[in-house]
$ cat final_36.pdb   # PDB, C-alpha atoms, pLDDT in the B column
ATOM      1  CA  MET Z   1       0.000   0.000   0.000  1.00 72.00           C
ATOM      2  CA  LEU Z   2       1.393   3.370  -1.006  1.00 87.00           C
ATOM      3  CA  ILE Z   3       0.067   6.569   0.521  1.00 95.00           C
ATOM      4  CA  SER Z   4       1.293   9.737  -1.150  1.00 96.00           C
ATOM      5  CA  ARG Z   5      -1.541  12.213  -0.443  1.00 97.00           C
ATOM      6  CA  ILE Z   6      -3.563  12.500   2.771  1.00 98.00           C
ATOM      7  CA  LEU Z   7      -6.530  14.832   3.171  1.00 98.00           C
ATOM      8  CA  VAL Z   8      -7.384  16.146   6.634  1.00 96.00           C
ATOM      9  CA  PRO Z   9     -10.673  18.067   6.775  1.00 95.00           C
ATOM     10  CA  THR Z  10     -10.806  20.355   9.807  1.00 93.00           C
ATOM     11  CA  ASP Z  11     -13.484  22.230  11.689  1.00 89.00           C
ATOM     12  CA  PHE Z  12     -10.839  23.366  14.215  1.00 89.00           C
ATOM     13  CA  SER Z  13     -12.190  20.989  16.878  1.00 86.00           C
ATOM     14  CA  ALA Z  14     -10.042  18.869  19.190  1.00 86.00           C
ATOM     15  CA  ASP Z  15     -10.965  15.802  17.139  1.00 87.00           C
ATOM     16  CA  ALA Z  16      -9.858  17.480  13.908  1.00 89.00           C
ATOM     17  CA  ASP Z  17      -6.595  18.606  15.547  1.00 89.00           C
ATOM     18  CA  ALA Z  18      -5.981  15.022  16.678  1.00 89.00           C
ATOM     19  CA  ALA Z  19      -6.676  13.765  13.152  1.00 91.00           C
ATOM     20  CA  PHE Z  20      -4.096  16.234  11.805  1.00 92.00           C
ATOM     21  CA  ARG Z  21      -1.480  15.050  14.309  1.00 90.00           C
ATOM     22  CA  TYR Z  22      -2.189  11.430  13.418  1.00 91.00           C
ATOM     23  CA  ALA Z  23      -2.081  12.110   9.665  1.00 94.00           C
ATOM     24  CA  SER Z  24       1.213  13.984  10.043  1.00 92.00           C
ATOM     25  CA  GLU Z  25       2.777  11.029  11.868  1.00 90.00           C
ATOM     26  CA  LEU Z  26       1.342   8.595   9.331  1.00 92.00           C
ATOM     27  CA  ALA Z  27       2.654  10.676   6.419  1.00 94.00           C
ATOM     28  CA  ARG Z  28       6.236  10.719   7.669  1.00 91.00           C
ATOM     29  CA  PRO Z  29       7.384   7.165   6.708  1.00 91.00           C
ATOM     30  CA  PHE Z  30       5.563   7.421   3.369  1.00 93.00           C
ATOM     31  CA  HIS Z  31       6.938  10.917   2.635  1.00 93.00           C
ATOM     32  CA  ALA Z  32       3.314  11.754   1.877  1.00 96.00           C
ATOM     33  CA  GLU Z  33       1.780  15.175   1.377  1.00 96.00           C
ATOM     34  CA  VAL Z  34      -0.818  16.279   3.932  1.00 96.00           C
ATOM     35  CA  HIS Z  35      -3.540  18.568   2.638  1.00 97.00           C
ATOM     36  CA  VAL Z  36      -5.583  20.330   5.352  1.00 96.00           C
ATOM     37  CA  LEU Z  37      -9.009  21.550   4.255  1.00 96.00           C
ATOM     38  CA  HIS Z  38     -11.542  23.758   6.011  1.00 95.00           C
ATOM     39  CA  VAL Z  39     -14.954  24.301   4.477  1.00 94.00           C
ATOM     40  CA  VAL Z  40     -16.936  27.458   5.205  1.00 91.00           C
ATOM     41  CA  ASP Z  41     -20.633  26.724   4.895  1.00 83.00           C
ATOM     42  CA  ASN Z  42     -22.443  29.076   2.543  1.00 74.00           C
ATOM     43  CA  PRO Z  43     -24.611  31.228   4.895  1.00 62.00           C
ATOM     44  CA  LEU Z  44     -27.532  31.279   2.440  1.00 61.00           C
ATOM     45  CA  SER Z  45     -27.618  27.540   1.789  1.00 57.00           C
ATOM     46  CA  ALA Z  46     -27.128  26.790   5.483  1.00 51.00           C
ATOM     47  CA  GLY Z  47     -30.383  28.642   6.219  1.00 53.00           C
ATOM     48  CA  MET Z  48     -28.696  31.188   8.467  1.00 53.00           C
ATOM     49  CA  TRP Z  49     -30.375  34.188   6.836  1.00 51.00           C
ATOM     50  CA  SER Z  50     -33.821  35.015   5.590  1.00 53.00           C
ATOM     51  CA  SER Z  51     -34.328  36.180   2.017  1.00 55.00           C
ATOM     52  CA  ASP Z  52     -34.801  39.804   3.073  1.00 56.00           C
ATOM     53  CA  VAL Z  53     -31.264  40.201   4.438  1.00 56.00           C
ATOM     54  CA  TYR Z  54     -29.157  42.503   2.316  1.00 54.00           C
ATOM     55  CA  THR Z  55     -27.022  40.347  -0.008  1.00 59.00           C
ATOM     56  CA  ALA Z  56     -23.894  42.505   0.296  1.00 58.00           C
ATOM     57  CA  GLU Z  57     -23.854  41.844   4.050  1.00 65.00           C
ATOM     58  CA  ILE Z  58     -23.925  38.104   3.416  1.00 65.00           C
ATOM     59  CA  VAL Z  59     -21.107  38.349   0.873  1.00 69.00           C
ATOM     60  CA  GLY Z  60     -19.094  40.406   3.368  1.00 76.00           C
ATOM     61  CA  LEU Z  61     -19.770  37.841   6.086  1.00 80.00           C
ATOM     62  CA  GLN Z  62     -18.634  35.020   3.814  1.00 81.00           C
ATOM     63  CA  ILE Z  63     -15.419  36.871   2.932  1.00 87.00           C
ATOM     64  CA  ASP Z  64     -14.750  37.427   6.643  1.00 89.00           C
ATOM     65  CA  LEU Z  65     -15.397  33.754   7.448  1.00 89.00           C
ATOM     66  CA  VAL Z  66     -12.993  32.615   4.726  1.00 90.00           C
ATOM     67  CA  HIS Z  67     -10.330  35.103   5.836  1.00 92.00           C
ATOM     68  CA  ASP Z  68     -10.665  33.989   9.475  1.00 92.00           C
ATOM     69  CA  ALA Z  69     -10.423  30.325   8.442  1.00 92.00           C
ATOM     70  CA  GLU Z  70      -7.279  31.000   6.396  1.00 92.00           C
ATOM     71  CA  GLU Z  71      -5.661  32.693   9.397  1.00 93.00           C
ATOM     72  CA  ARG Z  72      -6.622  29.834  11.730  1.00 93.00           C
ATOM     73  CA  LEU Z  73      -5.236  27.275   9.288  1.00 91.00           C
ATOM     74  CA  ALA Z  74      -1.970  29.196   9.028  1.00 89.00           C
ATOM     75  CA  ARG Z  75      -1.665  29.208  12.832  1.00 89.00           C
ATOM     76  CA  SER Z  76      -2.624  25.542  13.195  1.00 85.00           C
ATOM     77  CA  VAL Z  77       0.093  24.161  10.925  1.00 82.00           C
ATOM     78  CA  PRO Z  78       3.442  24.079  12.741  1.00 77.00           C
ATOM     79  CA  SER Z  79       6.139  26.230  11.183  1.00 69.00           C
ATOM     80  CA  GLY Z  80       8.583  24.143   9.221  1.00 67.00           C
ATOM     81  CA  ALA Z  81       6.001  21.421   8.567  1.00 69.00           C
ATOM     82  CA  GLU Z  82       7.095  19.730   5.373  1.00 74.00           C
ATOM     83  CA  SER Z  83       4.664  18.687   2.679  1.00 89.00           C
ATOM     84  CA  VAL Z  84       1.651  20.324   4.347  1.00 93.00           C
ATOM     85  CA  THR Z  85      -0.703  22.492   2.318  1.00 92.00           C
ATOM     86  CA  THR Z  86      -3.862  24.260   3.452  1.00 93.00           C
ATOM     87  CA  GLU Z  87      -7.007  25.297   1.659  1.00 95.00           C
ATOM     88  CA  VAL Z  88     -10.319  26.958   2.484  1.00 96.00           C
ATOM     89  CA  ARG Z  89     -13.355  26.246   0.339  1.00 95.00           C
ATOM     90  CA  THR Z  90     -16.964  27.415   0.524  1.00 92.00           C
ATOM     91  CA  GLY Z  91     -20.021  25.204   0.273  1.00 90.00           C
ATOM     92  CA  SER Z  92     -21.322  21.962   1.689  1.00 89.00           C
ATOM     93  CA  PRO Z  93     -18.620  20.375   3.868  1.00 91.00           C
ATOM     94  CA  THR Z  94     -19.358  16.853   2.643  1.00 92.00           C
ATOM     95  CA  ARG Z  95     -19.413  17.845  -1.024  1.00 95.00           C
ATOM     96  CA  GLN Z  96     -16.244  19.933  -0.777  1.00 96.00           C
ATOM     97  CA  ILE Z  97     -14.334  17.170   1.046  1.00 96.00           C
ATOM     98  CA  LEU Z  98     -15.351  14.624  -1.582  1.00 97.00           C
ATOM     99  CA  ASP Z  99     -14.568  17.000  -4.472  1.00 98.00           C
ATOM    100  CA  THR Z 100     -11.152  17.822  -3.002  1.00 98.00           C
ATOM    101  CA  ALA Z 101     -10.359  14.123  -2.580  1.00 98.00           C
ATOM    102  CA  ARG Z 102     -11.188  13.453  -6.233  1.00 98.00           C
ATOM    103  CA  GLU Z 103      -9.487  16.554  -7.646  1.00 98.00           C
ATOM    104  CA  ARG Z 104      -6.238  16.032  -5.736  1.00 97.00           C
ATOM    105  CA  GLY Z 105      -6.016  12.260  -6.139  1.00 97.00           C
ATOM    106  CA  ILE Z 106      -6.137  11.724  -2.365  1.00 98.00           C
ATOM    107  CA  ASP Z 107      -5.123   8.238  -1.169  1.00 97.00           C
ATOM    108  CA  LEU Z 108      -6.492   8.527   2.379  1.00 97.00           C
ATOM    109  CA  ILE Z 109      -8.807  10.871   4.277  1.00 97.00           C
ATOM    110  CA  VAL Z 110      -8.086  11.209   8.001  1.00 96.00           C
ATOM    111  CA  MET Z 111     -10.801  13.090   9.838  1.00 93.00           C
ATOM    112  CA  GLY Z 112     -12.084  13.702  13.314  1.00 88.00           C
ATOM    113  CA  THR Z 113     -15.550  12.750  14.394  1.00 82.00           C
ATOM    114  CA  HIS Z 114     -17.469  14.195  17.303  1.00 70.00           C
ATOM    115  CA  GLY Z 115     -19.176  10.895  18.041  1.00 54.00           C
ATOM    116  CA  ARG Z 116     -22.682  12.333  18.240  1.00 53.00           C
ATOM    117  CA  THR Z 117     -25.381   9.876  19.192  1.00 52.00           C
ATOM    118  CA  GLY Z 118     -29.132   9.834  19.590  1.00 53.00           C
ATOM    119  CA  VAL Z 119     -31.151  12.905  18.680  1.00 51.00           C
ATOM    120  CA  ALA Z 120     -28.089  15.068  17.930  1.00 46.00           C
ATOM    121  CA  HIS Z 121     -26.941  12.530  15.343  1.00 48.00           C
ATOM    122  CA  VAL Z 122     -30.398  12.247  13.787  1.00 48.00           C
ATOM    123  CA  VAL Z 123     -30.910  16.010  13.617  1.00 43.00           C
ATOM    124  CA  MET Z 124     -27.406  17.133  12.658  1.00 43.00           C
ATOM    125  CA  GLY Z 125     -26.200  14.069  10.813  1.00 56.00           C
ATOM    126  CA  SER Z 126     -22.521  13.445  10.462  1.00 81.00           C
ATOM    127  CA  VAL Z 127     -20.191  14.837   7.861  1.00 87.00           C
ATOM    128  CA  ALA Z 128     -17.776  12.018   8.701  1.00 87.00           C
ATOM    129  CA  GLU Z 129     -20.464   9.415   8.121  1.00 87.00           C
ATOM    130  CA  ARG Z 130     -21.447  10.872   4.752  1.00 90.00           C
ATOM    131  CA  VAL Z 131     -17.789  11.084   3.691  1.00 93.00           C
ATOM    132  CA  LEU Z 132     -17.242   7.458   4.781  1.00 91.00           C
ATOM    133  CA  ARG Z 133     -20.126   6.343   2.570  1.00 92.00           C
ATOM    134  CA  GLN Z 134     -19.175   8.303  -0.540  1.00 95.00           C
ATOM    135  CA  ALA Z 135     -15.400   8.784  -0.527  1.00 96.00           C
ATOM    136  CA  PRO Z 136     -13.324   7.669  -3.507  1.00 96.00           C
ATOM    137  CA  CYS Z 137     -10.599   6.418  -1.135  1.00 97.00           C
ATOM    138  CA  PRO Z 138     -10.257   4.913   2.357  1.00 96.00           C
ATOM    139  CA  VAL Z 139     -11.344   7.090   5.279  1.00 95.00           C
ATOM    140  CA  LEU Z 140      -9.965   6.943   8.805  1.00 93.00           C
ATOM    141  CA  ALA Z 141     -12.322   8.652  11.265  1.00 88.00           C
ATOM    142  CA  MET Z 142     -11.189   9.114  14.845  1.00 84.00           C
ATOM    143  CA  ARG Z 143     -11.808  10.936  18.085  1.00 76.00           C
ATOM    144  CA  ALA Z 144      -9.182  12.924  19.976  1.00 68.00           C
ATOM    145  CA  ALA Z 145      -9.254  10.527  22.937  1.00 69.00           C
ATOM    146  CA  VAL Z 146      -8.225   7.649  20.661  1.00 65.00           C
ATOM    147  CA  VAL Z 147      -5.271   9.562  19.222  1.00 58.00           C
ATOM    148  CA  ALA Z 148      -4.088  10.566  22.701  1.00 60.00           C
ATOM    149  CA  ALA Z 149      -3.906   6.893  23.666  1.00 62.00           C
ATOM    150  CA  ILE Z 150      -1.711   5.906  20.705  1.00 60.00           C
ATOM    151  CA  PRO Z 151       1.997   5.819  21.599  1.00 57.00           C
ATOM    152  CA  LYS Z 152       4.304   7.935  19.431  1.00 59.00           C
ATOM    153  CA  VAL Z 153       6.641   6.082  17.118  1.00 51.00           C
ATOM    154  CA  ALA Z 154      10.241   7.284  17.293  1.00 47.00           C
TER     155      ALA Z 154
END

$ encode --input "final_36.pdb" --output "structure tokens"
Amino acid sequence: MLISRILVPTDFSADADAAFRYASELARPFHAEVHVLHVVDNPLSAGMWSSDVYTAEIVGLQIDLVHDAEERLARSVPSGAESVTTEVRTGSPTRQILDTARERGIDLIVMGTHGRTGVAHVVMGSVAERVLRQAPCPVLAMRAAVVAAIPKVA
């Protein structure tokens, strides 16, 4: 098995940070590239605004959200990290993750999952679950607690 490109979607949660750390360690022996992706939901399609909200305000909000995400990504990647790229996209998180995986020829997606259950899972669904079902490559979904328990390889 050869892994040359790993995609790590992030929502800046502890689980996503743990997935990035795991992917970075996994990439090392393969000399693989790690691509970190954050998706900014489109405020109109997410139902955050009514139709009578001034469109320019929404566009301004979206620009601010993208700018903030780019800054957070820049801070979250350690300086000197080799073969790590970052990207911010706008749209449906599931769709953008899947599109990025296809466009970049990703070999493995490593992503955090919040482990929602019950009503929260039914109402909110799971981006990780939808990616698992539709991804063009293997997906490793994990929680931060699992990563913390894995011993580091020297």

$ residues_around --input "final_36.pdb" --residues "range 12-19 of chain Z" --least-positions-apart "5" --cutoff "6 Å" --atoms "only C-alpha atoms" --output "tab-separated table (two decimals) with C-alpha atoms, in the coordinates of the input"
chain	number	residue	atom	x	y	z
Z	110	VAL	CA	-8.09	11.21	8.00
Z	111	MET	CA	-10.80	13.09	9.84
Z	112	GLY	CA	-12.08	13.70	13.31
Z	143	ARG	CA	-11.81	10.94	18.08
Z	144	ALA	CA	-9.18	12.92	19.98

$ resolve_selection --input "final_36.pdb" --expression "the PyMOL selection byres ((chain Z and resi 77) around 12)" --output "list of chain:residue names"
Z:Val8, Z:Thr10, Z:Phe12, Z:Asp17, Z:Phe20, Z:Arg21, Z:Ser24, Z:Val34, Z:His35, Z:Val36, Z:Leu37, Z:Glu70, Z:Glu71, Z:Arg72, Z:Leu73, Z:Ala74, Z:Arg75, Z:Ser76, Z:Pro78, Z:Ser79, Z:Gly80, Z:Ala81, Z:Glu82, Z:Ser83, Z:Val84, Z:Thr85, Z:Thr86, Z:Glu87

$ residues_near_point --input "final_36.pdb" --point "(-13.2, 34.6, -1.0)" --cutoff "12 Å" --atoms "all atoms listed in the file" --output "PyMOL selection string"
chain Z and resi 39-40+42+59-70+87-91

$ atom_distance --input "final_36.pdb" --atom1 "CA of Phe30 in chain Z" --atom2 "CA of Ile6 in chain Z"
10.5 Å

$ resolve_selection --input "final_36.pdb" --expression "the PyMOL selection byres ((chain Z and resi 94) around 12)" --output "count of residues only"
31

$ atom_distance --input "final_36.pdb" --atom1 "CA of Pro136 in chain Z" --atom2 "CA of Pro29 in chain Z"
23.1 Å

$ atom_distance --input "final_36.pdb" --atom1 "CA of Arg104 in chain Z" --atom2 "CA of Leu26 in chain Z"
18.4 Å

$ resolve_selection --input "final_36.pdb" --expression "the PyMOL selection byres ((chain Z and resi 1) around 12)" --output "PDB file with C-alpha atoms, keeping the file's coordinate frame"
ATOM      1  CA  LEU Z   2       1.393   3.370  -1.006  1.00 87.00           C
ATOM      2  CA  ILE Z   3       0.067   6.569   0.521  1.00 95.00           C
ATOM      3  CA  SER Z   4       1.293   9.737  -1.150  1.00 96.00           C
ATOM      4  CA  PHE Z  30       5.563   7.421   3.369  1.00 93.00           C
ATOM      5  CA  ASP Z 107      -5.123   8.238  -1.169  1.00 97.00           C
ATOM      6  CA  LEU Z 108      -6.492   8.527   2.379  1.00 97.00           C
ATOM      7  CA  PRO Z 138     -10.257   4.913   2.357  1.00 96.00           C
TER       8      PRO Z 138
END

$ closest_residue --input "final_36.pdb" --among "Z:Arg5, Z:His31, Z:Arg102, Z:Ala141" --to "His114 in chain Z" --atoms "all atoms listed in the file"
Z:Ala141

$ decode --input "final_36.pdb" --residues "range 15-39 of chain Z" --atoms "N, CA and C atoms" --output "PDB file, in the first residue's frame"
ATOM      1  N   ASP Z  15     -11.023  17.028  17.932  1.00  0.00           N
ATOM      2  CA  ASP Z  15     -10.965  15.802  17.139  1.00  0.00           C
ATOM      3  C   ASP Z  15     -10.260  16.037  15.806  1.00  0.00           C
ATOM      4  N   ALA Z  16     -10.523  17.163  15.172  1.00  0.00           N
ATOM      5  CA  ALA Z  16      -9.858  17.480  13.908  1.00  0.00           C
ATOM      6  C   ALA Z  16      -8.368  17.732  14.129  1.00  0.00           C
ATOM      7  N   ASP Z  17      -8.013  18.393  15.229  1.00  0.00           N
ATOM      8  CA  ASP Z  17      -6.595  18.606  15.547  1.00  0.00           C
ATOM      9  C   ASP Z  17      -5.887  17.272  15.761  1.00  0.00           C
ATOM     10  N   ALA Z  18      -6.557  16.350  16.445  1.00  0.00           N
ATOM     11  CA  ALA Z  18      -5.981  15.022  16.678  1.00  0.00           C
ATOM     12  C   ALA Z  18      -5.812  14.277  15.354  1.00  0.00           C
ATOM     13  N   ALA Z  19      -6.771  14.413  14.464  1.00  0.00           N
ATOM     14  CA  ALA Z  19      -6.676  13.765  13.152  1.00  0.00           C
ATOM     15  C   ALA Z  19      -5.482  14.328  12.377  1.00  0.00           C
ATOM     16  N   PHE Z  20      -5.250  15.629  12.477  1.00  0.00           N
ATOM     17  CA  PHE Z  20      -4.096  16.234  11.805  1.00  0.00           C
ATOM     18  C   PHE Z  20      -2.787  15.686  12.367  1.00  0.00           C
ATOM     19  N   ARG Z  21      -2.696  15.595  13.693  1.00  0.00           N
ATOM     20  CA  ARG Z  21      -1.480  15.050  14.309  1.00  0.00           C
ATOM     21  C   ARG Z  21      -1.242  13.606  13.860  1.00  0.00           C
ATOM     22  N   TYR Z  22      -2.301  12.818  13.831  1.00  0.00           N
ATOM     23  CA  TYR Z  22      -2.189  11.430  13.418  1.00  0.00           C
ATOM     24  C   TYR Z  22      -1.770  11.344  11.949  1.00  0.00           C
ATOM     25  N   ALA Z  23      -2.411  12.125  11.094  1.00  0.00           N
ATOM     26  CA  ALA Z  23      -2.081  12.110   9.665  1.00  0.00           C
ATOM     27  C   ALA Z  23      -0.633  12.539   9.431  1.00  0.00           C
ATOM     28  N   SER Z  24      -0.173  13.517  10.189  1.00  0.00           N
ATOM     29  CA  SER Z  24       1.213  13.984  10.043  1.00  0.00           C
ATOM     30  C   SER Z  24       2.199  12.879  10.400  1.00  0.00           C
ATOM     31  N   GLU Z  25       1.911  12.145  11.480  1.00  0.00           N
ATOM     32  CA  GLU Z  25       2.777  11.029  11.868  1.00  0.00           C
ATOM     33  C   GLU Z  25       2.715   9.910  10.825  1.00  0.00           C
ATOM     34  N   LEU Z  26       1.522   9.632  10.333  1.00  0.00           N
ATOM     35  CA  LEU Z  26       1.342   8.595   9.331  1.00  0.00           C
ATOM     36  C   LEU Z  26       2.052   8.959   8.024  1.00  0.00           C
ATOM     37  N   ALA Z  27       2.049  10.227   7.673  1.00  0.00           N
ATOM     38  CA  ALA Z  27       2.654  10.676   6.419  1.00  0.00           C
ATOM     39  C   ALA Z  27       4.173  10.544   6.418  1.00  0.00           C
ATOM     40  N   ARG Z  28       4.773  10.679   7.576  1.00  0.00           N
ATOM     41  CA  ARG Z  28       6.236  10.719   7.669  1.00  0.00           C
ATOM     42  C   ARG Z  28       6.925   9.532   6.988  1.00  0.00           C
ATOM     43  N   PRO Z  29       6.649   8.266   7.346  1.00  0.00           N
ATOM     44  CA  PRO Z  29       7.384   7.165   6.708  1.00  0.00           C
ATOM     45  C   PRO Z  29       7.081   7.003   5.215  1.00  0.00           C
ATOM     46  N   PHE Z  30       5.928   7.505   4.782  1.00  0.00           N
ATOM     47  CA  PHE Z  30       5.563   7.421   3.369  1.00  0.00           C
ATOM     48  C   PHE Z  30       6.049   8.627   2.566  1.00  0.00           C
ATOM     49  N   HIS Z  31       6.574   9.638   3.273  1.00  0.00           N
ATOM     50  CA  HIS Z  31       6.938  10.917   2.635  1.00  0.00           C
ATOM     51  C   HIS Z  31       5.735  11.473   1.877  1.00  0.00           C
ATOM     52  N   ALA Z  32       4.568  11.349   2.507  1.00  0.00           N
ATOM     53  CA  ALA Z  32       3.314  11.754   1.877  1.00  0.00           C
ATOM     54  C   ALA Z  32       3.025  13.229   2.127  1.00  0.00           C
ATOM     55  N   GLU Z  33       2.271  13.812   1.222  1.00  0.00           N
ATOM     56  CA  GLU Z  33       1.780  15.175   1.377  1.00  0.00           C
ATOM     57  C   GLU Z  33       0.535  15.129   2.271  1.00  0.00           C
ATOM     58  N   VAL Z  34       0.386  16.140   3.114  1.00  0.00           N
ATOM     59  CA  VAL Z  34      -0.818  16.279   3.932  1.00  0.00           C
ATOM     60  C   VAL Z  34      -1.513  17.561   3.487  1.00  0.00           C
ATOM     61  N   HIS Z  35      -2.749  17.421   3.086  1.00  0.00           N
ATOM     62  CA  HIS Z  35      -3.540  18.568   2.638  1.00  0.00           C
ATOM     63  C   HIS Z  35      -4.631  18.815   3.674  1.00  0.00           C
ATOM     64  N   VAL Z  36      -4.604  19.987   4.317  1.00  0.00           N
ATOM     65  CA  VAL Z  36      -5.583  20.330   5.352  1.00  0.00           C
ATOM     66  C   VAL Z  36      -6.643  21.234   4.718  1.00  0.00           C
ATOM     67  N   LEU Z  37      -7.896  20.846   4.887  1.00  0.00           N
ATOM     68  CA  LEU Z  37      -9.009  21.550   4.255  1.00  0.00           C
ATOM     69  C   LEU Z  37     -10.020  22.003   5.303  1.00  0.00           C
ATOM     70  N   HIS Z  38     -10.421  23.264   5.204  1.00  0.00           N
ATOM     71  CA  HIS Z  38     -11.542  23.758   6.011  1.00  0.00           C
ATOM     72  C   HIS Z  38     -12.606  24.244   5.048  1.00  0.00           C
ATOM     73  N   VAL Z  39     -13.843  23.884   5.331  1.00  0.00           N
ATOM     74  CA  VAL Z  39     -14.954  24.301   4.477  1.00  0.00           C
ATOM     75  C   VAL Z  39     -15.830  25.271   5.245  1.00  0.00           C
TER      76      VAL Z  39
END
